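Quick notes on the structure that follows.
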Amino acid sequence: MRYLTDRKRAVGLGAAKSGTGHHWSMQVSSIALIILVPLFVFTFGCILGAPYEEVVAYYSRPFPAIVAALTLWVGMVHFKNGAQMAIEDYVHGFTGRLTIILVTCLAYAIAATGVYAIAKLAL
Amino acid sequence: MADVNRGNRPLSPFMLGKYYRFQLNSVTSILTRITGNALIVAAVLIAWWLLAAATGAEYFATVNWLLTSPLGYLVLVLSTLGLWYHTLAGIRHLIWDQGYCLEMEKADRLGWIVIIGSVVLTVLTVIIV
């Protein structure tokens, strides 16, 4: 047993000082998604099931393309931050940090895939 | 005083069921997390579908068939339910963050609005789309 006071043991632990920024980021992305999600659900829903040529023509138009790209990008940033919060609650130590890194990579990979595809379709 | 029970305490997420009985607030809160994380499946499918459309007609036909198959349709409808639920639950959190509706009856009422609202919005989406 080490001779440390309770205060000495607690100083520097606890909050990582990034909680406010994290919470603010969740608020900003959630409000953006309140606007984007209904727009995306109905633009994507309308074209799903249509033939190839129609889908390509549809995403060549600015509105559906921009809505889809923004929804995927902002949605993945929101997912990354939200999933991080859940992981911090349930998975600890090295495994927890590794899971956060993998989830972050997955989120950016999906966002990049979606934005690349939409850019290629739109341009 | 040294704390003998260091890092071996029950943590909040694991106290449910065993130490706390389930109630509307805890169930809707857990569902917010489950739906939020489960939506990654829909995100993967939609990004894949867009990539296929950007690649070519043949690849698109395969992925489009998968998404419009009965199983794909089921996944997408369930994702729609999850998406509306998570959206409404998120709005509820934004209301709470501003300090409103934190009283028990009001919080419970919001919980029911989130559950019923998400089902209504899903039915509307399926009808319109």
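Identifiers in the structure tokens: chain A, B, ... in order shown; residue index from 1 per chain; ligand index from 1 in order shown.
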
>> Show me, as a VMD selection string, the residues of chain A whose atoms get within 6 Å of chain B, using only C-alpha atoms for the distance check.
In response: chain A and resid 45 to 46 114 117 120 to 121

Save out the residues we just selected, C-alpha atoms, as a compact mmCIF listing (two decimals), in the first residue's frame.
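Saved result, result_22.txt, follows:
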```
# COMPACT_ATOMS: atom_id res chain seq x y z
CA GLY A 45 -36.95 6.44 -49.53
CA CYS A 46 -38.39 7.84 -52.76
CA GLY A 114 -20.80 7.62 -48.77
CA ALA A 117 -19.98 7.63 -53.91
CA LYS A 120 -18.93 10.38 -58.12
CA LEU A 121 -22.66 10.13 -58.83
```

> If you run DSSP on the backbone, which residues of chain A are helix (DSSP H, G or I), as a count of residues only?
Replying inline: 100

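For the atom pair formed by CA of Arg21 (chain B) and CA of Glu105 (chain B), the distance is 17.9 Å, given to one decimal.
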
>> Report as a list of chain:residue names all protein, DNA and RNA residues lying within 12 Å of Val28 (chain A), evaluated on only C-alpha atoms, omitting residues in the same chain fewer than 2 positions from it.
In response: A:Gly21, A:His22, A:His23, A:Trp24, A:Ser25, A:Met26, A:Ser30, A:Ile31, A:Ala32, A:Leu33, A:Ile34, A:Ile35, A:Val74, A:Gly75, A:Val77, A:His78, A:Asn81, B:Gly90, B:Leu94

> Counting only C-alpha atoms, what is within 12 Å of Arg92 (chain B), bar same-chain residues fewer than 2 positions away, as a ChimeraX atom specification?
Replying inline: /A:27,30-31,34 /B:25,28-29,32,85-90,94-102,106-115,117
